[in-house]
$ cat coords-v3.cif   # mmCIF, C-alpha atoms and all ligand atoms
data_model
loop_
_atom_site.label_atom_id
_atom_site.label_comp_id
_atom_site.auth_asym_id
_atom_site.auth_seq_id
_atom_site.Cartn_x
_atom_site.Cartn_y
_atom_site.Cartn_z
CA MET A 214 0.00 0.00 0.00
CA ASP A 215 1.19 3.50 -0.87
CA GLU A 216 2.11 5.57 2.20
CA MET A 217 -0.13 8.31 0.80
CA ASP A 218 -3.13 5.97 1.20
CA ARG A 219 -2.78 5.98 4.98
CA VAL A 220 -3.26 8.93 7.36
CA THR A 221 -3.03 9.20 11.17
CA VAL A 222 -4.38 12.15 13.14
CA ILE A 223 -4.42 13.06 16.83
CA ALA A 224 -7.27 15.27 18.06
CA PRO A 225 -7.83 16.92 21.43
CA VAL A 226 -10.78 16.72 23.78
CA ASN A 227 -12.77 19.87 24.46
CA ILE A 228 -14.80 20.48 27.61
CA ALA A 229 -17.64 22.97 27.33
CA VAL A 230 -18.01 25.81 29.80
CA ILE A 231 -21.27 26.93 28.19
CA LYS A 232 -23.00 23.68 27.29
CA TYR A 233 -24.56 22.58 24.03
CA TRP A 234 -27.75 20.67 24.82
CA GLY A 235 -30.58 20.31 22.32
CA LYS A 236 -30.80 20.24 18.54
CA ARG A 237 -32.97 22.29 16.19
CA ASP A 238 -32.15 19.83 13.37
CA GLU A 239 -31.40 16.19 14.23
CA LYS A 240 -29.98 15.21 10.84
CA LEU A 241 -27.68 18.17 10.25
CA ILE A 242 -26.87 18.37 13.98
CA LEU A 243 -27.74 22.02 14.43
CA PRO A 244 -27.91 23.19 18.05
CA ILE A 245 -30.57 25.34 19.70
CA ASN A 246 -27.93 27.50 21.40
CA ASP A 247 -24.33 28.67 21.08
CA SER A 248 -21.72 26.92 23.22
CA VAL A 249 -18.19 27.69 24.38
CA SER A 250 -15.42 25.23 25.22
CA VAL A 251 -11.79 24.89 26.16
CA THR A 252 -9.59 22.51 24.20
CA LEU A 253 -7.31 20.35 26.34
CA ASP A 254 -3.73 19.35 25.78
CA THR A 255 -3.44 16.15 23.72
CA SER A 256 -0.75 14.68 25.97
CA ILE A 257 -3.32 13.86 28.68
CA MET A 258 -6.49 13.18 26.74
CA CYS A 259 -6.81 12.68 23.01
CA ALA A 260 -8.15 10.50 20.25
CA LYS A 261 -5.87 8.96 17.64
CA THR A 262 -7.32 7.76 14.36
CA SER A 263 -5.72 6.08 11.38
CA VAL A 264 -7.57 5.72 8.08
CA CYS A 265 -6.63 3.96 4.88
CA PHE A 266 -8.31 2.77 1.69
CA GLY A 267 -7.45 0.36 -1.07
CA PRO A 268 -8.88 -1.64 -4.00
CA GLU A 269 -8.31 -4.88 -2.07
CA PHE A 270 -10.78 -4.04 0.77
CA THR A 271 -14.20 -5.62 0.31
CA GLU A 272 -16.11 -3.60 2.95
CA ASN A 273 -15.79 -0.51 5.13
CA GLU A 274 -14.42 -1.52 8.53
CA ILE A 275 -13.86 0.25 11.85
CA TRP A 276 -12.07 -0.64 15.08
CA LEU A 277 -12.73 1.40 18.24
CA ASN A 278 -10.20 0.90 21.00
CA GLY A 279 -9.15 -2.38 19.41
CA VAL A 280 -12.68 -3.78 19.05
CA LYS A 281 -14.19 -4.26 15.61
CA THR A 282 -17.46 -2.30 15.50
CA SER A 283 -20.23 -2.03 12.92
CA PHE A 284 -19.74 0.61 10.22
CA SER A 285 -23.51 0.93 9.88
CA ASN A 286 -23.78 3.88 12.33
CA PRO A 287 -25.71 6.46 10.21
CA ARG A 288 -23.49 9.34 11.34
CA LEU A 289 -20.37 7.49 10.30
CA VAL A 290 -21.87 6.60 6.93
CA ASN A 291 -23.08 10.19 6.51
CA VAL A 292 -19.63 11.65 7.23
CA LEU A 293 -17.92 9.30 4.76
CA ASP A 294 -20.54 9.99 2.05
CA LYS A 295 -20.18 13.76 2.50
CA ILE A 296 -16.39 13.56 2.23
CA LYS A 297 -16.59 11.37 -0.90
CA ASN A 298 -19.08 13.79 -2.48
CA ILE A 299 -16.74 16.71 -1.85
CA ALA A 300 -13.84 14.66 -3.27
CA ALA A 301 -15.91 13.92 -6.40
CA THR A 302 -16.82 17.61 -6.83
CA GLN A 303 -13.26 18.80 -6.25
CA ARG A 304 -11.83 15.91 -8.33
CA SER A 305 -9.24 15.54 -5.61
CA VAL A 306 -8.82 11.78 -6.20
CA ASP A 307 -9.43 9.47 -9.20
CA ASN A 308 -12.94 8.12 -9.72
CA ALA A 309 -11.65 4.58 -9.12
CA VAL A 310 -10.43 5.61 -5.65
CA LEU A 311 -13.94 6.77 -4.74
CA SER A 312 -15.17 3.18 -5.08
CA TRP A 313 -12.52 1.83 -2.70
CA LYS A 314 -13.56 0.79 0.81
CA VAL A 315 -11.97 2.34 3.91
CA ARG A 316 -10.53 1.03 7.15
CA VAL A 317 -10.67 3.15 10.30
CA CYS A 318 -8.81 2.47 13.52
CA SER A 319 -9.54 4.84 16.43
CA GLU A 320 -8.28 4.91 20.01
CA ASN A 321 -8.94 7.13 23.02
CA ASN A 322 -6.58 7.36 25.97
CA PHE A 323 -9.53 8.03 28.32
CA PRO A 324 -12.94 6.43 29.10
CA THR A 325 -15.27 6.36 26.12
CA ALA A 326 -18.85 7.64 26.51
CA ALA A 327 -18.49 8.38 30.23
CA GLY A 328 -19.17 12.07 29.75
CA LEU A 329 -15.64 12.95 28.77
CA ALA A 330 -16.24 14.24 25.27
CA SER A 331 -14.86 11.11 23.64
CA SER A 332 -17.08 11.44 20.58
CA ALA A 333 -15.93 15.04 20.11
CA ALA A 334 -12.27 14.08 19.86
CA GLY A 335 -13.12 10.91 17.90
CA TYR A 336 -15.10 12.62 15.15
CA ALA A 337 -12.75 15.60 14.95
CA CYS A 338 -9.99 13.08 14.39
CA LEU A 339 -11.92 10.97 11.90
CA VAL A 340 -13.02 13.79 9.61
CA THR A 341 -9.62 15.45 9.66
CA ALA A 342 -7.99 12.13 8.72
CA LEU A 343 -10.54 11.36 5.97
CA ALA A 344 -10.33 14.91 4.57
CA LYS A 345 -6.58 14.43 4.24
CA LEU A 346 -6.91 10.91 2.82
CA TYR A 347 -9.29 12.15 0.10
CA LYS A 348 -7.19 15.33 -0.34
CA ILE A 349 -10.21 17.62 -0.05
CA LYS A 350 -10.16 21.31 0.87
CA THR A 351 -13.03 22.05 3.22
CA ASP A 352 -14.01 23.36 6.66
CA VAL A 353 -13.40 20.18 8.71
CA SER A 354 -15.26 21.75 11.62
CA VAL A 355 -18.53 21.54 9.62
CA LEU A 356 -17.89 17.88 8.77
CA ALA A 357 -17.00 17.09 12.39
CA ARG A 358 -20.30 18.64 13.48
CA ILE A 359 -22.34 16.16 11.45
CA GLY A 360 -20.49 13.33 13.20
CA SER A 361 -20.99 14.64 16.74
CA GLY A 362 -22.06 18.22 17.43
CA SER A 363 -19.41 19.09 20.00
CA ALA A 364 -16.70 17.66 17.71
CA CYS A 365 -16.77 20.86 15.64
CA ARG A 366 -15.13 22.63 18.59
CA SER A 367 -12.28 20.08 18.84
CA VAL A 368 -10.70 21.06 15.53
CA PHE A 369 -9.42 24.28 17.10
CA GLY A 370 -7.13 24.77 20.08
CA GLY A 371 -7.62 27.29 22.87
CA PHE A 372 -11.06 28.76 23.59
CA VAL A 373 -13.72 27.99 21.03
CA ARG A 374 -17.28 29.10 20.33
CA TRP A 375 -19.76 27.09 18.30
CA HIS A 376 -22.33 29.45 16.80
CA ALA A 377 -25.78 27.90 16.66
CA GLY A 378 -26.57 29.82 13.47
CA VAL A 379 -30.02 30.47 12.06
CA ASN A 380 -29.80 29.06 8.52
CA ALA A 381 -31.81 25.89 7.84
CA ASP A 382 -28.93 24.32 5.89
CA GLY A 383 -26.50 24.81 8.79
CA SER A 384 -24.12 26.94 6.74
CA ASP A 385 -23.70 29.43 9.62
CA SER A 386 -23.50 26.79 12.38
CA ILE A 387 -19.73 26.88 12.65
CA ALA A 388 -17.01 26.90 15.28
CA THR A 389 -14.66 29.87 15.66
CA GLN A 390 -11.75 30.52 17.98
CA ILE A 391 -12.27 33.10 20.75
CA ALA A 392 -8.59 33.00 21.67
CA ASP A 393 -5.79 30.59 20.83
CA SER A 394 -3.93 28.32 23.24
CA THR A 395 -1.20 30.89 23.95
CA HIS A 396 -3.68 33.48 25.21
CA TRP A 397 -4.08 32.28 28.82
CA PRO A 398 -1.22 29.84 29.60
CA GLU A 399 -1.94 29.92 33.37
CA MET A 400 -5.30 28.20 32.81
CA LYS A 401 -5.27 24.48 33.70
CA ALA A 402 -7.81 21.69 33.60
CA LEU A 403 -7.96 18.95 36.17
CA ILE A 404 -10.00 15.89 35.22
CA LEU A 405 -11.42 13.80 38.05
CA VAL A 406 -12.62 10.46 36.74
CA VAL A 407 -15.41 9.49 39.12
CA SER A 408 -16.51 6.55 37.00
CA ASP A 409 -15.57 5.14 33.62
CA ILE A 410 -18.87 3.29 33.21
CA LYS A 411 -20.74 4.07 29.98
CA LYS A 412 -23.57 6.55 30.55
CA HIS A 413 -27.18 5.28 30.76
CA THR A 414 -28.74 7.88 28.47
CA SER A 415 -26.70 8.84 25.43
CA SER A 416 -26.44 12.58 24.76
CA THR A 417 -28.45 12.08 21.55
CA VAL A 418 -31.43 10.55 23.39
CA GLY A 419 -31.09 12.89 26.38
CA MET A 420 -31.09 15.99 24.17
CA MET A 421 -34.09 14.81 22.18
CA ASN A 422 -36.07 14.15 25.37
CA SER A 423 -35.06 17.54 26.81
CA VAL A 424 -36.11 19.40 23.64
CA ASN A 425 -39.47 17.61 23.73
CA THR A 426 -40.24 17.95 27.43
CA SER A 427 -38.17 20.58 29.29
CA ASP A 428 -39.59 24.09 29.75
CA LEU A 429 -36.35 25.09 31.44
CA LEU A 430 -34.39 24.24 28.28
CA LYS A 431 -36.53 26.68 26.26
CA TYR A 432 -35.84 29.42 28.80
CA ARG A 433 -32.14 28.56 28.89
CA ALA A 434 -31.72 28.67 25.11
CA LYS A 435 -33.65 31.92 24.73
CA TYR A 436 -32.51 33.96 27.71
CA THR A 437 -29.59 32.46 29.64
CA VAL A 438 -27.14 31.16 27.06
CA PRO A 439 -27.05 34.21 24.73
CA ARG A 440 -26.07 36.43 27.69
CA ARG A 441 -23.61 33.93 29.18
CA THR A 442 -21.91 33.31 25.84
CA GLU A 443 -21.11 37.00 25.45
CA GLU A 444 -20.04 37.36 29.08
CA ILE A 445 -17.73 34.35 29.11
CA SER A 446 -16.13 35.35 25.79
CA GLU A 447 -15.36 38.73 27.35
CA ALA A 448 -14.07 37.09 30.56
CA ILE A 449 -11.74 34.89 28.48
CA LEU A 450 -10.42 37.83 26.46
CA LYS A 451 -9.86 39.87 29.66
CA LYS A 452 -8.49 36.82 31.55
CA ASP A 453 -11.03 37.47 34.29
CA PHE A 454 -10.87 34.11 36.10
CA ALA A 455 -13.54 34.86 38.75
CA LYS A 456 -16.13 35.73 36.09
CA PHE A 457 -15.08 32.74 33.95
CA ALA A 458 -15.43 30.43 36.96
CA GLU A 459 -18.82 31.79 38.03
CA LEU A 460 -20.32 31.42 34.56
CA THR A 461 -18.80 27.95 34.08
CA MET A 462 -20.26 26.59 37.33
CA LYS A 463 -23.65 28.24 36.84
CA ASP A 464 -23.90 26.84 33.35
CA SER A 465 -22.98 23.32 34.43
CA ASN A 466 -25.62 23.54 37.16
CA GLN A 467 -28.29 24.81 34.79
CA PHE A 468 -27.49 22.11 32.24
CA HIS A 469 -27.96 19.39 34.89
CA ALA A 470 -31.13 21.13 36.09
CA VAL A 471 -32.42 20.83 32.50
CA CYS A 472 -31.53 17.13 32.59
CA LEU A 473 -33.67 16.73 35.72
CA ASP A 474 -36.44 18.83 34.15
CA THR A 475 -36.50 16.33 31.29
CA TYR A 476 -39.18 13.65 31.32
CA PRO A 477 -38.05 10.98 32.00
CA PRO A 478 -35.14 12.72 33.74
CA CYS A 479 -31.54 12.05 32.73
CA VAL A 480 -29.35 11.79 35.77
CA TYR A 481 -25.67 12.06 34.97
CA MET A 482 -24.10 13.29 38.20
CA THR A 483 -23.55 10.91 41.13
CA ASP A 484 -23.18 11.48 44.88
CA VAL A 485 -19.43 11.80 44.34
CA SER A 486 -20.00 14.43 41.63
CA HIS A 487 -22.19 16.41 44.07
CA LYS A 488 -19.53 16.04 46.77
CA ILE A 489 -17.01 17.60 44.38
CA VAL A 490 -19.37 20.55 43.80
CA GLU A 491 -19.67 21.02 47.56
CA ILE A 492 -15.89 20.88 48.06
CA ILE A 493 -15.19 23.42 45.33
CA HIS A 494 -17.71 25.87 46.79
CA ALA A 495 -16.24 25.39 50.28
CA TYR A 496 -12.71 25.92 48.88
CA ASN A 497 -13.72 29.10 47.06
CA ASP A 498 -15.51 30.38 50.19
CA MET A 499 -12.42 29.68 52.25
CA CYS A 500 -10.26 31.60 49.74
CA GLY A 501 -12.72 34.50 49.73
CA GLU A 502 -12.78 34.49 45.92
CA LEU A 503 -13.43 32.09 43.06
CA LYS A 504 -10.25 30.09 42.53
CA VAL A 505 -11.62 26.89 40.98
CA ALA A 506 -14.56 26.09 38.70
CA TYR A 507 -16.21 22.72 38.16
CA THR A 508 -18.12 21.55 35.15
CA PHE A 509 -19.81 18.21 34.38
CA ASP A 510 -20.83 16.95 30.94
CA ALA A 511 -23.29 14.10 30.36
CA GLY A 512 -21.58 11.91 32.96
CA PRO A 513 -20.35 11.93 36.56
CA ASN A 514 -16.75 12.99 35.86
CA ALA A 515 -15.61 16.46 36.83
CA CYS A 516 -13.49 18.87 34.89
CA LEU A 517 -12.03 21.54 37.15
CA TYR A 518 -10.66 24.74 35.66
CA LEU A 519 -8.12 26.65 37.73
CA LEU A 520 -5.00 28.78 37.42
CA ASP A 521 -1.64 27.03 37.71
CA LYS A 522 -0.70 28.60 41.07
CA GLU A 523 -3.77 26.92 42.60
CA VAL A 524 -2.95 23.41 41.36
CA PRO A 525 -0.66 22.05 44.13
CA THR A 526 -3.04 23.00 46.97
CA LEU A 527 -6.11 21.72 45.19
CA LEU A 528 -4.45 18.45 44.21
CA LYS A 529 -3.43 17.88 47.82
CA LEU A 530 -6.95 18.60 49.01
CA ILE A 531 -8.57 16.27 46.46
CA LYS A 532 -6.13 13.46 47.23
CA TYR A 533 -6.75 13.93 50.96
CA LEU A 534 -10.54 13.94 50.65
CA PHE A 535 -10.69 11.16 48.06
CA PRO A 536 -7.77 8.77 48.55
CA THR A 537 -7.45 7.00 45.18
CA SER A 538 -7.42 3.59 46.86
CA ASN A 539 -11.03 4.05 47.97
CA LEU A 540 -12.62 6.03 45.24
CA ASP A 541 -10.96 5.08 41.99
CA PHE A 542 -10.04 8.61 41.09
CA VAL A 543 -7.70 9.11 38.22
CA ILE A 544 -6.27 12.57 38.22
CA GLY A 545 -4.83 14.08 35.10
CA LEU A 546 -3.61 17.59 34.60
CA GLY A 547 -3.89 19.05 31.14
CA ASP A 548 -2.38 22.23 29.83
CA VAL A 549 -4.91 24.13 27.81
CA ASP A 550 -2.73 24.18 24.72
CA GLY A 551 -4.46 21.65 22.54
CA GLY A 552 -3.51 23.35 19.31
CA ASP A 553 -5.28 22.47 16.09
CA CYS A 554 -5.62 18.85 14.93
CA LYS A 555 -2.14 17.42 14.43
CA PHE A 556 -1.01 15.13 11.61
O1 LIG B 601 -21.64 16.24 20.84
P1 LIG B 601 -22.39 15.36 21.79
O2 LIG B 601 -23.59 14.74 21.16
O3 LIG B 601 -21.50 14.35 22.44
O4 LIG B 601 -22.98 16.29 22.98
C1 LIG B 601 -22.18 16.87 23.95
C2 LIG B 601 -22.99 17.52 24.99
C3 LIG B 601 -22.24 17.99 26.22
O5 LIG B 601 -20.98 17.37 26.31
C4 LIG B 601 -23.04 17.63 27.45
C5 LIG B 601 -22.08 19.50 26.23
C6 LIG B 601 -21.06 20.08 25.30
O6 LIG B 601 -21.28 21.22 24.87
O7 LIG B 601 -20.04 19.44 25.00
#
$ encode --input "coords-v3.cif" --output "structure tokens" --more "lines below"
Ligand code: PMV
Amino acid sequence: MDEMDRVTVIAPVNIAVIKYWGKRDEKLILPINDSVSVTLDTSIMCAKTSVCFGPEFTENEIWLNGVKTSFSNPRLVNVLDKIKNIAATQRSVDNAVLSWKVRVCSENNFPTAAGLASSAAGYACLVTALAKLYKIKTDVSVLARIGSGSACRSVFGGFVRWHAGVNADGSDSIATQIADSTHWPEMKALILVVSDIKKHTSSTVGMMNSVNTSDLLKYRAKYTVPRRTEEISEAILKKDFAKFAELTMKDSNQFHAVCLDTYPPCVYMTDVSHKIVEIIHAYNDMCGELKVAYTFDAGPNACLYLLDKEVPTLLKLIKYLFPTSNLDFVIGLGDVDGGDCKF
């Protein structure tokens, strides 16, 4: 096989500080509100995907973390079809190549589907690799979005905003960078893995149920998120940590309130997650100012944002309160310098 027929990409995880929850278009994956995230350093958490194609392959095949998985997932098929269509239009590869089957091999160095944005890194990685394999020139962020919404934010490093957009075709639902990874080097993320068990309600099902049943979600999308998105973008640009922390925690809390307001409710946080919330508030109260922010995605694991000078004390406190032997905590510290997808 020609070396040019094989591509490997590493993509970072992003953890939202203003959450995306709810779609206005299920097929195109268009959100009901803007969201903002921070891209984490790939040395701690990342996805790595290799793709190749060839005339000798008889079917499309995919391996996820070493396990062969069905390629029939509609989003996967959709992403590959879109990329091949662009390749055909741009004539970036021969027609014969378009009929070849692909092989995909993807690995995460962190728990999959436990509310740690694994699909975001995975799809960002996959589309970037396929775009390179088929030699197409396109906005990979848009392609990543149709794989998994939050993936569109993982193709940029630093602080990223995904604009919900208003167009029915999704042409203005794109991710842009608020500030790159060099902007606020003191910012750190601390991931506390409470559990690596796969979540009960997938984000796709949870979002759909919330859109159909939660009044709070309607209020959130219309009134809360537009204001918070502007305020947190400003806090990031001004490096105002206290404001950033307040908005991050409030938004995580409102997102989980929406989950509980959903019928049937989706419960992602556990007793340990709530204990972490309590500890962070007590710590901030003790300091007399906001020094640490927590945020929880669709799972029990915490992502804490803090400035580097705070890390040693907080790590000591967490290790003291939750000795790893008892609580199965895995603690990783990531620099927020993800950078763009790397080849
Ligand atoms: O992109 P999805 O379908 O995995 O949804 C992600 C939703 C949250 O992680 C809960 C929030 C977010 O903005 O990342």
$ residues_near_ligand --input "coords-v3.cif" --ligand "ligand LIG 601 (chain B)" --cutoff "7 Å" --atoms "only C-alpha atoms and all ligand atoms" --output "PDB file with C-alpha atoms, keeping the file's coordinate frame"
ATOM      1  CA  ILE A 228     -14.800  20.480  27.610  1.00  0.00           C
ATOM      2  CA  ALA A 229     -17.640  22.970  27.330  1.00  0.00           C
ATOM      3  CA  ILE A 231     -21.270  26.930  28.190  1.00  0.00           C
ATOM      4  CA  LYS A 232     -23.000  23.680  27.290  1.00  0.00           C
ATOM      5  CA  TYR A 233     -24.560  22.580  24.030  1.00  0.00           C
ATOM      6  CA  TRP A 234     -27.750  20.670  24.820  1.00  0.00           C
ATOM      7  CA  SER A 248     -21.720  26.920  23.220  1.00  0.00           C
ATOM      8  CA  GLY A 328     -19.170  12.070  29.750  1.00  0.00           C
ATOM      9  CA  ALA A 330     -16.240  14.240  25.270  1.00  0.00           C
ATOM     10  CA  SER A 332     -17.080  11.440  20.580  1.00  0.00           C
ATOM     11  CA  ALA A 333     -15.930  15.040  20.110  1.00  0.00           C
ATOM     12  CA  SER A 361     -20.990  14.640  16.740  1.00  0.00           C
ATOM     13  CA  GLY A 362     -22.060  18.220  17.430  1.00  0.00           C
ATOM     14  CA  SER A 363     -19.410  19.090  20.000  1.00  0.00           C
ATOM     15  CA  ALA A 364     -16.700  17.660  17.710  1.00  0.00           C
ATOM     16  CA  SER A 416     -26.440  12.580  24.760  1.00  0.00           C
ATOM     17  CA  THR A 417     -28.450  12.080  21.550  1.00  0.00           C
ATOM     18  CA  ASP A 510     -20.830  16.950  30.940  1.00  0.00           C
ATOM     19  CA  ALA A 511     -23.290  14.100  30.360  1.00  0.00           C
TER      20      ALA A 511
END
$ atom_distance --input "coords-v3.cif" --atom1 "atom CA of Asn246 of chain A" --atom2 "atom CA of Asp464 of chain A"
12.6 Å
$ residues_around --input "coords-v3.cif" --residues "Lys348 of chain A" --least-positions-apart "3" --cutoff "9 Å" --atoms "only C-alpha atoms" --output "JSON, numbers by chain"
{"A": [300, 305, 306, 343, 344, 345]}
$ atom_distance --input "coords-v3.cif" --atom1 "atom CA of Met258 of chain A" --atom2 "atom CA of Pro225 of chain A"
6.6 Å
$ residues_around --input "coords-v3.cif" --residues "Phe270 of chain A" --least-positions-apart "6" --cutoff "12 Å" --atoms "all atoms listed in the file" --output "list of chain:residue names"
A:Met214, A:Val310, A:Ser312, A:Trp313, A:Lys314, A:Val315, A:Arg316, A:Val317
$ atom_distance --input "coords-v3.cif" --atom1 "atom CA of Leu253 of chain A" --atom2 "atom CA of Arg433 of chain A"
26.3 Å
$ residues_around --input "coords-v3.cif" --residues "Trp375 of chain A" --least-positions-apart "4" --cutoff "6 Å" --atoms "only C-alpha atoms" --output "PyMOL selection string"
chain A and resi 247-248+387-388
$ residues_around --input "coords-v3.cif" --residues "Lys281 of chain A" --least-positions-apart "5" --cutoff "10 Å" --atoms "all atoms listed in the file" --output "PyMOL selection string"
chain A and resi 274-276+317-318
$ write_last_selection --input "coords-v3.cif" --atoms "C-alpha atoms" --output "short mmCIF file (atom, residue, chain, number, x, y, z; two decimals), in the coordinates of the input"
data_model
loop_
_atom_site.label_atom_id
_atom_site.label_comp_id
_atom_site.auth_asym_id
_atom_site.auth_seq_id
_atom_site.Cartn_x
_atom_site.Cartn_y
_atom_site.Cartn_z
CA GLU A 274 -14.42 -1.52 8.53
CA ILE A 275 -13.86 0.25 11.85
CA TRP A 276 -12.07 -0.64 15.08
CA VAL A 317 -10.67 3.15 10.30
CA CYS A 318 -8.81 2.47 13.52
#
$ closest_residue --input "coords-v3.cif" --among "A:Val222, A:Ile489, A:Leu405, A:Val355" --to "Thr255 of chain A" --atoms "all atoms listed in the file"
A:Val222
$ closest_residue --input "coords-v3.cif" --among "A:Leu346, A:Ile493, A:Ile296, A:Cys338" --to "Val220 of chain A" --atoms "all atoms listed in the file"
A:Leu346
$ closest_residue --input "coords-v3.cif" --among "A:Ile391, A:Met400, A:Val280, A:Ile299" --to "Thr351 of chain A" --atoms "all atoms listed in the file"
A:Ile299
$ residues_around --input "coords-v3.cif" --residues "Asn422 of chain A" --least-positions-apart "2" --cutoff "9 Å" --atoms "all atoms listed in the file" --output "VMD selection string"
chain A and resid 235 417 to 420 424 to 427 475 to 479
$ closest_residue --input "coords-v3.cif" --among "A:Thr442, A:Thr414, A:Ser386, A:Asn380" --to "Ala357 of chain A" --atoms "all atoms listed in the file"
A:Ser386
$ closest_residue --input "coords-v3.cif" --among "A:Ile410, A:Leu534, A:Val226, A:Leu503" --to "Arg366 of chain A" --atoms "all atoms listed in the file"
A:Val226
$ closest_residue --input "coords-v3.cif" --among "A:Ser415, A:Arg304, A:Ser250, A:Asn321" --to "Asn278 of chain A" --atoms "all atoms listed in the file"
A:Asn321
$ residues_near_point --input "coords-v3.cif" --point "(-6.1, 11.0, 16.6)" --cutoff "9 Å" --atoms "only C-alpha atoms" --output "list in words"
Thr221, Val222, Ile223, Ala224, Pro225, Cys259, Ala260, Lys261, Thr262, Ser263, Ser319, Glu320, Asn321, Ala334, Gly335, Ala337, Cys338, Leu339, Thr341, Ala342, Cys554, Lys555 and Phe556 of chain A
$ build_atoms --input "coords-v3.cif" --residues "segment 277-294 of chain A" --atoms "N, CA and C atoms" --output "PDB file, keeping the file's coordinate frame"
ATOM      1  N   LEU A 277     -12.764   0.367  17.195  1.00  0.00           N
ATOM      2  CA  LEU A 277     -12.730   1.400  18.240  1.00  0.00           C
ATOM      3  C   LEU A 277     -12.061   0.820  19.463  1.00  0.00           C
ATOM      4  N   ASN A 278     -10.999   1.412  19.872  1.00  0.00           N
ATOM      5  CA  ASN A 278     -10.200   0.900  21.000  1.00  0.00           C
ATOM      6  C   ASN A 278      -9.932  -0.596  20.851  1.00  0.00           C
ATOM      7  N   GLY A 279      -9.554  -1.009  19.670  1.00  0.00           N
ATOM      8  CA  GLY A 279      -9.150  -2.380  19.410  1.00  0.00           C
ATOM      9  C   GLY A 279     -10.287  -3.350  19.138  1.00  0.00           C
ATOM     10  N   VAL A 280     -11.531  -2.883  19.261  1.00  0.00           N
ATOM     11  CA  VAL A 280     -12.680  -3.780  19.050  1.00  0.00           C
ATOM     12  C   VAL A 280     -13.354  -3.461  17.725  1.00  0.00           C
ATOM     13  N   LYS A 281     -13.536  -4.490  16.887  1.00  0.00           N
ATOM     14  CA  LYS A 281     -14.190  -4.260  15.610  1.00  0.00           C
ATOM     15  C   LYS A 281     -15.662  -3.920  15.837  1.00  0.00           C
ATOM     16  N   THR A 282     -16.113  -2.818  15.252  1.00  0.00           N
ATOM     17  CA  THR A 282     -17.460  -2.300  15.500  1.00  0.00           C
ATOM     18  C   THR A 282     -18.158  -2.149  14.148  1.00  0.00           C
ATOM     19  N   SER A 283     -19.485  -2.135  14.181  1.00  0.00           N
ATOM     20  CA  SER A 283     -20.230  -2.030  12.920  1.00  0.00           C
ATOM     21  C   SER A 283     -20.025  -0.654  12.273  1.00  0.00           C
ATOM     22  N   PHE A 284     -19.899  -0.653  10.950  1.00  0.00           N
ATOM     23  CA  PHE A 284     -19.740   0.610  10.220  1.00  0.00           C
ATOM     24  C   PHE A 284     -21.103   1.190   9.855  1.00  0.00           C
ATOM     25  N   SER A 285     -22.172   0.533  10.340  1.00  0.00           N
ATOM     26  CA  SER A 285     -23.510   0.930   9.880  1.00  0.00           C
ATOM     27  C   SER A 285     -24.067   2.168  10.602  1.00  0.00           C
ATOM     28  N   ASN A 286     -23.341   2.659  11.632  1.00  0.00           N
ATOM     29  CA  ASN A 286     -23.780   3.880  12.330  1.00  0.00           C
ATOM     30  C   ASN A 286     -24.070   4.979  11.289  1.00  0.00           C
ATOM     31  N   PRO A 287     -25.333   5.487  11.256  1.00  0.00           N
ATOM     32  CA  PRO A 287     -25.710   6.460  10.210  1.00  0.00           C
ATOM     33  C   PRO A 287     -24.821   7.699  10.164  1.00  0.00           C
ATOM     34  N   ARG A 288     -24.336   8.129  11.331  1.00  0.00           N
ATOM     35  CA  ARG A 288     -23.490   9.340  11.340  1.00  0.00           C
ATOM     36  C   ARG A 288     -22.149   9.086  10.655  1.00  0.00           C
ATOM     37  N   LEU A 289     -21.646   7.878  10.894  1.00  0.00           N
ATOM     38  CA  LEU A 289     -20.370   7.490  10.300  1.00  0.00           C
ATOM     39  C   LEU A 289     -20.517   7.416   8.774  1.00  0.00           C
ATOM     40  N   VAL A 290     -21.594   6.768   8.357  1.00  0.00           N
ATOM     41  CA  VAL A 290     -21.870   6.600   6.930  1.00  0.00           C
ATOM     42  C   VAL A 290     -22.067   7.982   6.288  1.00  0.00           C
ATOM     43  N   ASN A 291     -22.805   8.842   6.986  1.00  0.00           N
ATOM     44  CA  ASN A 291     -23.080  10.190   6.510  1.00  0.00           C
ATOM     45  C   ASN A 291     -21.792  10.999   6.303  1.00  0.00           C
ATOM     46  N   VAL A 292     -20.896  10.907   7.300  1.00  0.00           N
ATOM     47  CA  VAL A 292     -19.630  11.650   7.230  1.00  0.00           C
ATOM     48  C   VAL A 292     -18.806  11.166   6.030  1.00  0.00           C
ATOM     49  N   LEU A 293     -18.716   9.841   5.869  1.00  0.00           N
ATOM     50  CA  LEU A 293     -17.920   9.300   4.760  1.00  0.00           C
ATOM     51  C   LEU A 293     -18.541   9.694   3.411  1.00  0.00           C
ATOM     52  N   ASP A 294     -19.860   9.607   3.304  1.00  0.00           N
ATOM     53  CA  ASP A 294     -20.540   9.990   2.050  1.00  0.00           C
ATOM     54  C   ASP A 294     -20.270  11.456   1.713  1.00  0.00           C
TER      55      ASP A 294
END
